[in-house]
$ cat structure.txt   # compact mmCIF, C-alpha atoms
# COMPACT_ATOMS: atom_id res chain seq x y z
CA MET X 1 -10.99 -3.78 31.52
CA ARG X 2 -12.53 -0.90 29.61
CA ILE X 3 -11.93 -1.19 25.88
CA PRO X 4 -10.93 2.19 24.43
CA ASP X 5 -12.72 3.68 21.44
CA LEU X 6 -10.53 4.21 18.40
CA ASP X 7 -10.42 7.76 17.05
CA LEU X 8 -11.01 7.85 13.29
CA ASP X 9 -8.83 10.94 12.94
CA LEU X 10 -5.90 9.08 14.50
CA LEU X 11 -6.57 6.04 12.34
CA ARG X 12 -6.64 8.20 9.22
CA CYS X 13 -3.20 9.59 10.05
CA PHE X 14 -1.85 6.11 10.71
CA VAL X 15 -3.19 4.74 7.42
CA GLN X 16 -1.73 7.60 5.40
CA VAL X 17 1.69 7.18 7.01
CA ALA X 18 1.62 3.42 6.42
CA GLU X 19 0.48 3.69 2.81
CA ARG X 20 2.73 6.57 1.79
CA GLY X 21 5.81 5.32 3.60
CA GLY X 22 6.49 8.16 5.99
CA PHE X 23 5.26 11.15 7.99
CA THR X 24 6.50 13.72 5.48
CA ALA X 25 4.86 11.96 2.53
CA ALA X 26 1.56 11.80 4.41
CA GLY X 27 1.57 15.55 5.11
CA PRO X 28 0.05 16.83 1.84
CA ALA X 29 -2.74 14.25 1.90
CA LEU X 30 -3.68 15.16 5.47
CA GLY X 31 -2.93 18.88 5.37
CA LEU X 32 -0.79 18.52 8.49
CA THR X 33 2.84 19.03 9.41
CA GLN X 34 5.16 16.10 10.03
CA SER X 35 5.25 16.83 13.76
CA ALA X 36 1.45 17.00 14.00
CA ILE X 37 1.10 13.64 12.26
CA SER X 38 3.78 12.11 14.48
CA LEU X 39 1.91 13.33 17.54
CA LYS X 40 -1.35 11.79 16.37
CA VAL X 41 0.28 8.42 15.70
CA ARG X 42 1.91 8.55 19.12
CA ARG X 43 -1.50 9.21 20.70
CA LEU X 44 -2.88 6.19 18.84
CA GLU X 45 -0.06 4.02 20.16
CA GLU X 46 -0.68 5.27 23.70
CA LEU X 47 -4.38 4.51 23.33
CA LEU X 48 -3.65 0.94 22.22
CA GLY X 49 -0.63 0.38 24.43
CA GLN X 50 1.12 -1.01 21.34
CA ARG X 51 3.75 0.19 18.90
CA VAL X 52 2.25 0.25 15.43
CA LEU X 53 5.19 1.80 13.57
CA GLU X 54 8.93 1.27 13.77
CA ARG X 55 10.72 4.53 13.09
CA THR X 56 14.33 5.12 12.06
CA SER X 57 16.01 8.26 10.77
CA ARG X 58 15.28 7.12 7.21
CA THR X 59 12.35 4.73 7.18
CA VAL X 60 9.00 3.95 8.75
CA ALA X 61 7.78 0.33 8.87
CA LEU X 62 4.75 -1.44 10.29
CA THR X 63 5.15 -3.57 13.37
CA PRO X 64 3.23 -6.88 13.45
CA GLN X 65 0.58 -5.08 15.53
CA GLY X 66 0.57 -2.27 12.97
CA GLU X 67 -0.08 -4.71 10.12
CA THR X 68 -3.10 -6.07 12.00
CA LEU X 69 -4.37 -2.58 12.79
CA LEU X 70 -3.95 -1.38 9.19
CA ALA X 71 -6.46 -3.89 7.85
CA TYR X 72 -9.04 -2.90 10.49
CA ALA X 73 -8.33 0.83 10.06
CA ARG X 74 -8.96 0.72 6.33
CA ARG X 75 -12.27 -1.05 6.86
CA MET X 76 -13.35 1.39 9.57
CA LEU X 77 -12.50 4.45 7.48
CA ALA X 78 -14.24 3.01 4.41
CA LEU X 79 -17.36 2.20 6.42
CA ASN X 80 -17.34 5.68 7.97
CA GLU X 81 -17.08 7.29 4.52
CA GLU X 82 -19.83 5.08 3.16
CA ALA X 83 -22.18 5.94 6.03
CA VAL X 84 -21.51 9.68 5.85
CA LEU X 85 -21.90 9.85 2.08
CA ARG X 86 -25.09 7.80 2.20
CA LEU X 87 -26.67 10.01 4.88
CA VAL X 88 -25.21 13.47 4.31
CA ALA X 89 -24.18 13.87 0.68
CA PRO X 90 -26.86 15.31 -1.60
CA PRO X 91 -28.41 12.63 -3.79
CA VAL X 92 -26.97 12.37 -7.27
CA ALA X 93 -28.69 10.36 -9.96
CA GLY X 94 -27.97 9.51 -13.56
CA ARG X 95 -26.01 7.22 -15.87
CA LEU X 96 -22.23 7.40 -16.22
CA ARG X 97 -20.61 5.38 -19.02
CA LEU X 98 -16.99 4.74 -18.09
CA GLY X 99 -14.22 3.32 -20.26
CA VAL X 100 -11.28 1.83 -18.38
CA ALA X 101 -8.03 0.97 -20.15
CA ASP X 102 -6.56 -2.48 -19.43
CA HIS X 103 -3.38 -0.99 -17.99
CA PHE X 104 -5.49 1.28 -15.76
CA VAL X 105 -6.93 -1.58 -13.73
CA PRO X 106 -4.96 -1.91 -10.51
CA ARG X 107 -6.08 -4.50 -7.98
CA SER X 108 -7.88 -1.85 -5.95
CA LEU X 109 -10.09 -0.47 -8.75
CA ALA X 110 -12.80 -3.15 -8.65
CA PRO X 111 -13.39 -2.74 -4.87
CA LEU X 112 -13.35 1.03 -5.38
CA LEU X 113 -16.09 0.82 -8.02
CA ALA X 114 -18.12 -1.50 -5.80
CA ARG X 115 -17.85 0.95 -2.90
CA PHE X 116 -18.75 3.82 -5.20
CA ALA X 117 -21.90 1.96 -6.27
CA ARG X 118 -22.88 1.52 -2.62
CA THR X 119 -22.26 5.14 -1.65
CA HIS X 120 -23.89 6.58 -4.78
CA PRO X 121 -26.81 4.25 -5.48
CA GLY X 122 -28.45 6.83 -7.73
CA ILE X 123 -25.60 6.73 -10.24
CA ARG X 124 -25.89 3.87 -12.73
CA LEU X 125 -22.28 3.07 -13.62
CA GLU X 126 -21.62 1.24 -16.90
CA VAL X 127 -18.00 0.12 -17.32
CA GLU X 128 -16.22 -1.01 -20.48
CA VAL X 129 -12.62 -2.27 -20.32
CA GLY X 130 -10.42 -2.08 -23.40
CA ARG X 131 -7.47 -0.30 -24.98
CA SER X 132 -6.97 3.41 -24.31
CA HIS X 133 -7.04 4.67 -27.90
CA GLU X 134 -10.04 2.53 -28.81
CA LEU X 135 -11.99 3.69 -25.76
CA ARG X 136 -11.17 7.32 -26.52
CA ARG X 137 -12.45 6.90 -30.07
CA ALA X 138 -15.65 5.46 -28.59
CA MET X 139 -15.94 8.49 -26.30
CA GLU X 140 -15.49 10.84 -29.26
CA ALA X 141 -18.24 8.91 -31.04
CA GLY X 142 -20.54 9.50 -28.08
CA SER X 143 -20.82 5.96 -26.69
CA LEU X 144 -18.77 6.67 -23.53
CA ASP X 145 -18.78 9.63 -21.14
CA LEU X 146 -15.37 9.27 -19.50
CA VAL X 147 -12.23 7.25 -20.18
CA LEU X 148 -9.55 6.31 -17.68
CA GLY X 149 -6.38 5.65 -19.62
CA LYS X 150 -2.79 6.52 -20.44
CA ARG X 151 -1.81 9.97 -21.60
CA ARG X 152 0.81 9.92 -24.33
CA GLU X 153 4.02 11.90 -24.07
CA GLY X 154 3.49 15.55 -24.99
CA GLU X 155 -0.29 15.25 -24.87
CA SER X 156 -2.23 17.97 -23.06
CA GLU X 157 -5.73 16.50 -23.10
CA GLY X 158 -7.16 14.86 -20.01
CA SER X 159 -6.69 15.43 -16.30
CA VAL X 160 -3.77 13.52 -14.77
CA LEU X 161 -4.73 11.32 -11.82
CA TRP X 162 -1.33 9.87 -11.01
CA THR X 163 2.02 8.95 -12.51
CA GLU X 164 2.46 5.20 -12.87
CA PRO X 165 5.87 3.47 -12.76
CA VAL X 166 6.22 1.10 -15.71
CA ILE X 167 8.22 -2.08 -15.12
CA TRP X 168 9.42 -5.25 -16.82
CA ALA X 169 7.84 -8.36 -15.33
CA ALA X 170 8.04 -12.15 -15.61
CA CYS X 171 7.21 -15.17 -13.49
CA PRO X 172 9.45 -15.44 -10.39
CA GLY X 173 12.83 -16.99 -11.20
CA TRP X 174 12.40 -16.55 -14.96
CA ALA X 175 15.55 -15.74 -16.92
CA PRO X 176 15.87 -14.75 -20.60
CA PRO X 177 17.01 -17.66 -22.78
CA PRO X 178 20.73 -17.20 -23.52
CA ASP X 179 20.63 -18.57 -27.06
CA ARG X 180 17.88 -16.48 -28.68
CA PRO X 181 16.32 -13.00 -28.64
CA LEU X 182 14.35 -11.91 -25.58
CA PRO X 183 10.79 -13.32 -25.92
CA LEU X 184 8.07 -10.80 -25.15
CA ALA X 185 4.34 -11.01 -24.45
CA MET X 186 2.66 -7.76 -25.51
CA LEU X 187 -0.59 -6.07 -26.36
CA PRO X 188 -1.06 -5.38 -30.10
CA ALA X 189 0.74 -2.60 -31.96
CA GLY X 190 -0.44 0.85 -30.90
CA CYS X 191 -0.11 0.18 -27.16
CA MET X 192 2.00 2.92 -25.57
CA PHE X 193 3.65 0.51 -23.12
CA ARG X 194 4.60 -1.77 -25.99
CA ASP X 195 6.03 1.11 -28.03
CA ARG X 196 8.12 2.34 -25.11
CA ALA X 197 9.40 -1.12 -24.24
CA LEU X 198 10.49 -2.00 -27.77
CA ALA X 199 12.12 1.40 -28.22
CA ALA X 200 14.06 0.99 -24.95
CA LEU X 201 15.34 -2.44 -26.00
CA ALA X 202 16.34 -1.15 -29.44
CA ARG X 203 18.25 1.79 -27.92
CA ALA X 204 20.09 -0.63 -25.64
CA GLY X 205 20.98 -2.86 -28.58
CA LEU X 206 19.18 -5.88 -27.14
CA ALA X 207 17.67 -8.44 -29.48
CA PHE X 208 13.99 -9.26 -28.90
CA GLU X 209 10.97 -10.84 -30.52
CA VAL X 210 7.28 -10.52 -29.69
CA THR X 211 6.29 -14.15 -29.38
CA TYR X 212 2.87 -13.73 -27.78
CA THR X 213 0.25 -11.07 -28.54
CA SER X 214 -3.13 -10.66 -26.90
CA ALA X 215 -5.74 -7.92 -27.08
CA SER X 216 -6.30 -8.43 -23.35
CA LEU X 217 -3.85 -7.57 -20.59
CA LEU X 218 -5.04 -10.69 -18.78
CA GLY X 219 -3.91 -12.76 -21.75
CA VAL X 220 -0.52 -11.07 -21.81
CA ALA X 221 -0.11 -11.59 -18.07
CA ALA X 222 -1.10 -15.26 -18.39
CA ALA X 223 1.63 -15.84 -20.96
CA ALA X 224 4.22 -14.24 -18.71
CA GLN X 225 2.94 -16.15 -15.68
CA ALA X 226 3.40 -19.39 -17.62
CA GLY X 227 7.02 -18.54 -18.30
CA LEU X 228 6.58 -18.06 -22.04
CA ALA X 229 7.96 -14.52 -22.11
CA ALA X 230 8.65 -11.29 -20.28
CA THR X 231 6.19 -8.41 -20.45
CA VAL X 232 5.81 -4.79 -19.41
CA ILE X 233 3.14 -3.54 -17.03
CA GLY X 234 2.18 -0.71 -14.71
CA ALA X 235 3.59 -1.33 -11.23
CA SER X 236 0.23 -0.90 -9.48
CA GLY X 237 -1.35 -3.56 -11.69
CA LEU X 238 1.30 -6.25 -11.15
CA PRO X 239 -0.76 -9.44 -10.74
CA GLU X 240 0.01 -12.47 -8.61
CA GLY X 241 2.39 -14.83 -10.33
CA LEU X 242 4.53 -12.04 -11.76
CA ALA X 243 7.52 -10.23 -10.30
CA PRO X 244 9.66 -7.30 -11.44
CA LEU X 245 12.35 -8.44 -13.88
CA PRO X 246 15.74 -6.76 -13.32
CA GLY X 247 18.49 -6.24 -15.85
CA LEU X 248 16.47 -4.68 -18.67
CA PRO X 249 16.48 -1.00 -19.72
CA PRO X 250 14.46 1.28 -17.42
CA LEU X 251 11.13 2.51 -18.74
CA GLU X 252 9.63 5.97 -18.49
CA PRO X 253 6.64 6.30 -16.15
CA ALA X 254 3.20 6.84 -17.63
CA GLU X 255 0.66 9.52 -16.81
CA MET X 256 -2.68 7.95 -15.98
CA ALA X 257 -5.50 10.37 -16.74
CA VAL X 258 -9.23 10.81 -17.07
CA PHE X 259 -10.54 12.04 -20.42
CA GLY X 260 -13.92 13.61 -21.04
CA ASP X 261 -16.03 16.63 -20.20
CA LEU X 262 -15.60 16.64 -16.41
CA ALA X 263 -17.24 20.04 -16.01
CA GLY X 264 -20.24 19.07 -18.10
CA LEU X 265 -20.65 15.76 -16.28
CA ALA X 266 -20.50 17.24 -12.79
CA PRO X 267 -21.76 16.22 -10.29
CA LEU X 268 -21.94 12.67 -11.71
CA ALA X 269 -18.23 12.37 -12.46
CA ALA X 270 -16.73 14.41 -9.62
CA PRO X 271 -17.18 11.88 -6.77
CA LEU X 272 -15.86 8.99 -8.86
CA VAL X 273 -12.80 10.90 -10.06
CA GLN X 274 -12.04 12.05 -6.52
CA ALA X 275 -12.35 8.50 -5.19
CA ILE X 276 -9.87 7.30 -7.83
CA ARG X 277 -7.48 10.15 -7.02
CA ASP X 278 -7.59 9.25 -3.32
CA THR X 279 -7.01 5.56 -3.96
CA ALA X 280 -4.22 6.21 -6.46
CA GLY X 281 -2.15 7.92 -3.76
CA ALA X 282 -1.60 4.57 -2.09
CA PRO X 283 0.51 1.76 -3.50
CA ALA X 284 -1.35 -1.22 -4.86
CA PRO X 285 -1.44 -0.96 -5.04
CA LEU X 286 -4.66 2.07 -6.81
CA ALA X 287 -4.42 5.69 -5.28
CA ALA X 288 -6.26 7.37 -8.48

$ encode --input "structure.txt" --output "structure tokens"
Amino acid sequence: MRIPDLDLDLLRCFVQVAERGGFTAAGPALGLTQSAISLKVRRLEELLGQRVLERTSRTVALTPQGETLLAYARRMLALNEEAVLRLVAPPVAGRLRLGVADHFVPRSLAPLLARFARTHPGIRLEVEVGRSHELRRAMEAGSLDLVLGKRREGESEGSVLWTEPVIWAACPGWAPPPDRPLPLAMLPAGCMFRDRALAALARAGLAFEVTYTSASLLGVAAAAQAGLAATVIGASGLPEGLAPLPGLPPLEPAEMAVFGDLAGLAPLAAPLVQAIRDTAGAPAPLAA
């Protein structure tokens, strides 16, 4: 039996539909109409002789075969991009000092940076993880070139990469103790997520106490994973061992942005920012 060759264009359409949850949502990313995307996915299914998506009038879901294909499709598209950039893109060289806020680190960011290093070997990327306002002060002092972090309400600086849902989280099955204020694990005062969470609880008239504070998001997450407290986190960065916690006041989403002189740093910064934007469009997960 002759094994058919998979068309990368068809795979790209399939991946966008799967990651964005529908044909309409995938349209802007692909620059195609819903009907054109549907036709490409149908051609892929005919090529494979398998259904990869289950369609209803309201939803699109992966079939078991589609789940298997999605993992391969992502790898094939990433390898194709890596090869093309390595061979075709003009060489770019230099040092880029990048500050990344704790809350800006979705599970997909580390693989993205690793892939960026492979596709742009001439760019020496130095990464510092910390708190948004501290990293931005470091950038203003000249020790960082760019900062990926949260943009505060009403702020106009920075270029927005995506809007991040902000959620309450705790270990699975955790329930607030009935006989005392809601225990919280939080970053130190000055964190925007902390400020929003405490303000939302106060408006709702709910008693709370910050029982665990850590300068690291990993430390905050560890406390919540151990069942010591609830916490608040960006949805794309929800780590294993934590689950959304219902029943608490909803939180406003956060604008995740890049700060710095993008024009002055081009072309060093442009490919990295675009890679983050592309990844941020997909759930975590990033897609920038």

$ closest_residue --input "structure.txt" --among "X:Gly260, X:Pro172, X:Gly190, X:Pro181" --to "Thr211 of chain X" --atoms "all atoms listed in the file"
X:Pro181

$ closest_residue --input "structure.txt" --among "X:Ala138, X:His120, X:Ala71, X:Arg43" --to "Val88 of chain X" --atoms "all atoms listed in the file"
X:His120

$ residues_around --input "structure.txt" --residues "segment 76-83 of chain X" --least-positions-apart "2" --cutoff "10 Å" --atoms "only C-alpha atoms" --output "number ranges by chain"
X: 6, 8-9, 11-12, 15, 70-74, 85-89, 115-116, 118-120

$ residues_near_point --input "structure.txt" --point "(-3.7, -3.5, -18.1)" --cutoff "10 Å" --atoms "all atoms listed in the file" --output "list in words"
Val100, Ala101, Asp102, His103, Phe104, Val105, Pro106, Val129, Gly130, Arg131, Ser132, Gly149, Leu187, Phe193, Ser216, Leu217, Leu218, Gly219, Val220, Ala221, Val232, Ile233, Gly234, Ser236, Gly237, Leu238 and Pro239 of chain X

$ closest_residue --input "structure.txt" --among "X:Ala175, X:Val84, X:Asp145, X:Asp5" --to "Gly264 of chain X" --atoms "only C-alpha atoms"
X:Asp145

$ residues_around --input "structure.txt" --residues "Pro246 of chain X" --least-positions-apart "6" --cutoff "12 Å" --atoms "only C-alpha atoms" --output "PDB file with C-alpha atoms, keeping the file's coordinate frame"
ATOM      1  CA  ILE X 167       8.220  -2.080 -15.120  1.00  0.00           C
ATOM      2  CA  TRP X 168       9.420  -5.250 -16.820  1.00  0.00           C
ATOM      3  CA  ALA X 169       7.840  -8.360 -15.330  1.00  0.00           C
ATOM      4  CA  ALA X 170       8.040 -12.150 -15.610  1.00  0.00           C
ATOM      5  CA  CYS X 171       7.210 -15.170 -13.490  1.00  0.00           C
ATOM      6  CA  PRO X 172       9.450 -15.440 -10.390  1.00  0.00           C
ATOM      7  CA  GLY X 173      12.830 -16.990 -11.200  1.00  0.00           C
ATOM      8  CA  TRP X 174      12.400 -16.550 -14.960  1.00  0.00           C
ATOM      9  CA  ALA X 175      15.550 -15.740 -16.920  1.00  0.00           C
ATOM     10  CA  PRO X 176      15.870 -14.750 -20.600  1.00  0.00           C
ATOM     11  CA  ALA X 230       8.650 -11.290 -20.280  1.00  0.00           C
ATOM     12  CA  VAL X 232       5.810  -4.790 -19.410  1.00  0.00           C
TER      13      VAL X 232
END

$ atom_distance --input "structure.txt" --atom1 "atom CA of Arg95 of chain X" --atom2 "atom CA of Arg124 of chain X"
4.6 Å

$ closest_residue --input "structure.txt" --among "X:Gly247, X:Gly122, X:Gly21, X:Gly154" --to "Leu96 of chain X" --atoms "all atoms listed in the file"
X:Gly122

$ closest_residue --input "structure.txt" --among "X:Ala36, X:Val127, X:Ala263, X:Leu242" --to "Ala114 of chain X" --atoms "only C-alpha atoms"
X:Val127

$ closest_residue --input "structure.txt" --among "X:Ala18, X:Val160, X:Ala270, X:Ala185" --to "Thr59 of chain X" --atoms "all atoms listed in the file"
X:Ala18

$ atom_distance --input "structure.txt" --atom1 "atom CA of Phe259 of chain X" --atom2 "atom CA of Leu146 of chain X"
5.6 Å

$ atom_distance --input "structure.txt" --atom1 "atom CA of Val17 of chain X" --atom2 "atom CA of Gly31 of chain X"
12.7 Å

$ residues_around --input "structure.txt" --residues "Thr63 of chain X" --least-positions-apart "4" --cutoff "7 Å" --atoms "only C-alpha atoms" --output "PDB file with C-alpha atoms, in the frame of the given file"
ATOM      1  CA  ARG X  51       3.750   0.190  18.900  1.00  0.00           C
ATOM      2  CA  VAL X  52       2.250   0.250  15.430  1.00  0.00           C
ATOM      3  CA  LEU X  53       5.190   1.800  13.570  1.00  0.00           C
ATOM      4  CA  GLU X  54       8.930   1.270  13.770  1.00  0.00           C
ATOM      5  CA  GLU X  67      -0.080  -4.710  10.120  1.00  0.00           C
TER       6      GLU X  67
END

$ residues_near_point --input "structure.txt" --point "(1.2, 4.3, -14.0)" --cutoff "7 Å" --atoms "all atoms listed in the file" --output "list of chain:residue names"
X:Trp162, X:Thr163, X:Glu164, X:Pro165, X:Val166, X:Gly234, X:Ala235, X:Ser236, X:Pro253, X:Ala254, X:Glu255, X:Met256
